[in-house]
Structure formats: structure tokens, C-alpha cells
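For reference, the structure discussed in these notes is given below.
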Amino acid sequence: WSLVMFAIRIRIGLVGLLISFMCFAGQNETEASELIIQNESRLKELLRDQSAIDKHEASGVLFLNNEIFVVFDNYSMVAKIDIEFNKAKLLGENKKGDGYEGITYDNTNDRFYLIEESLKNKGAFNARLNHADKNFIIKSKIWLKYNFQSDNKGFEGLTFVTKNNRLYILALCEGNECDSGKISKIPGAGRIKVFEKKKENWKYIASIRIPQSLEFIDYSGIDIN
């Protein structure tokens, strides 16, 4: 899977989301748009002789300071790629069984956050938020107290925002209604869950409904422009 195609897929979703919001507030009319590929390279080629695995299931991408960071749901290390796609470097630690669905950057504390989709936690299924430094060494892990129905339909996208000097994490649910059953496949009911920083924890405080005009079966990435 080429990195650019992956990034374009996410950007198409973002464009669709932005268009949907504008239409939701306006006349509910959509306009077609086109994205043109400027450059592309396969992750397999960029990570040749660096990775312990052959197949990299890219699941989240972050563009920061003219560099691209990619996380994988089947690999715990993070790829750092230059904007020209000339070279890549794997950061972090290779921990068997670990992987991440989303990545975001906290510019107020100079740290990265990586999210694990949904894991068993004391009889429930919760996502886990990992705080990492610039070398992607994990410094802490915190459970996000929102219960899912299974371990394969949790949070898929992640972004960090500040408002009125308060810190928030926006976590995008993969399934509609944040569900894993049949209802998750009914398009037009996407959800974003909002968590506010409270001392060393993140408190679930709100749910944002994605406009019904964005009729996706599931969702994979989120960002704020």
C-alpha cells in the first residue's frame, strides 16, 4: 500500500467531512473535488532492511514540521518519513502484539499520543492512550473510560485540540453509533468522543455527531485544520 494513497484516502475523508459540515450549515449541496497524486512510494521500500515484519498495516498518519509520521495496527514502531519520500526511519520499541490506530501531537507539552483501538480492561473493552516522547518511547499509558462492545470496533482516529486553555482529545469511532453490531454498518451515524485532560487522566465529557450527509460505513482518520 503506498503511503501517498493512504494519506489521500484520509484526506478524501477530511474533504468529505469539511464539505458535509459546510453543507449541513448551508444549503446541503455538495461539490465534487479532485486530488492529484504528486508523489508516491511504498512503505515496504522505504522501510527496507529496517523493520522486523514484511507487511505494514498503516492505520494513522500525522504531518508535522515537514515530516510524516505513520503508525501501524500490527507493529509498535512508528515510521518517520521525509516529505520527499527519500528516506524513512523507524522510532520507538518493537513490542510484540502492540499496534496503534491513531496518532496526534500535543504542542503544549511537546508529546505524541498513540491510541490502541480497544482492549480488555477489567471486564470491559476500552481504548488505551499512550503518551510518547519525540523518539516514540512510551512514557505512560492511560485507559479512556468509554466502553465498547468488542475489541475490533473501537477508536480509529485521534487528534488533539486546545480551547480556553483546556486540553482535549477527540477520538473517532470506527463504527457508526460507536457500535460493533449491525447498527455499526448503517451509514450516517458517525461519532467523535471528546475527552478533557483532568490532572493525569482524560475524562469523557461529550459526543459529537458527524453530519448524516457523510454516509460512511466506517471511519478511519481525523484531523483538524
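Ligands are numbered from 1 in the order shown, residues from 1 within each chain, and chains are lettered A, B, ... in the order they appear in the C-alpha cells.
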With DSSP run on the backbone, what are the strand (DSSP E) residues within range 11-220 of chain A? I'd like them as number ranges by chain. A: 58-64, 67-72, 75-82, 88-91, 102-106, 111-121, 124-132, 138-148, 155-163, 166-173, 191-198, 201-209
Find the spatial neighbours of range 188-195 of chain A, counting only C-alpha atoms, within a cut-off of 8 Å - ignore same-chain residues fewer than 4 positions away - and output them as a PyMOL selection string. chain A and resi 168-178+202-219
Generate the output file for the selected residues, C-alpha atoms, as a short mmCIF file (atom, residue, chain, number, x, y, z; two decimals), in the first residue's frame.
```
data_model
loop_
_atom_site.label_atom_id
_atom_site.label_comp_id
_atom_site.auth_asym_id
_atom_site.auth_seq_id
_atom_site.Cartn_x
_atom_site.Cartn_y
_atom_site.Cartn_z
CA TYR A 168 -8.90 17.87 24.69
CA ILE A 169 -8.53 14.62 22.80
CA LEU A 170 -11.02 13.93 20.00
CA ALA A 171 -11.32 10.20 19.31
CA LEU A 172 -13.13 9.00 16.19
CA CYS A 173 -15.19 5.81 16.45
CA GLU A 174 -14.70 3.24 13.70
CA GLY A 175 -18.31 2.05 13.68
CA ASN A 176 -21.47 4.10 13.33
CA GLU A 177 -23.09 4.87 16.70
CA CYS A 178 -19.72 3.76 18.16
CA TRP A 202 -8.62 12.08 30.46
CA LYS A 203 -12.32 12.40 31.30
CA TYR A 204 -15.04 11.55 28.79
CA ILE A 205 -17.24 14.66 28.55
CA ALA A 206 -19.13 14.74 25.24
CA SER A 207 -20.06 13.07 21.97
CA ILE A 208 -20.06 14.88 18.63
CA ARG A 209 -22.35 13.59 15.91
CA ILE A 210 -20.88 13.67 12.42
CA PRO A 211 -23.44 15.08 9.93
CA GLN A 212 -25.73 12.42 8.48
CA SER A 213 -24.78 13.57 4.97
CA LEU A 214 -21.39 11.88 5.50
CA GLU A 215 -22.66 8.40 4.77
CA PHE A 216 -19.64 6.24 5.55
CA ILE A 217 -19.93 2.62 6.68
CA ASP A 218 -16.93 3.11 8.95
CA TYR A 219 -14.30 5.75 9.71
#
```
Of the candidates A:Asn152, A:Ser220, A:Asn74, A:Ser41, which shows the shortest atom-to-atom distance to Ala88 in chain A, using only C-alpha atoms?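 Checking each of A:Asn152, A:Ser220, A:Asn74, A:Ser41 against Ala88 in chain A, counting only C-alpha atoms, the winner is A:Ser41.
Of the listed residues (A:Asp106, A:Glu117, A:Glu45, A:Glu196), A:Glu45 comes nearest to Lys87 in chain A; the distances count only C-alpha atoms.
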Nearest to Thr104 in chain A, chosen from A:Thr159, A:Asn130, A:Ser76, A:Ser140, with only C-alpha atoms counted in the distances: A:Thr159
Could you tell me how far CA of Asp82 in chain A lies from CA of Lys141 in chain A, in Å and to one decimal?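 Computed distance, CA of Asp82 in chain A to CA of Lys141 in chain A, equals 28.1 Å.
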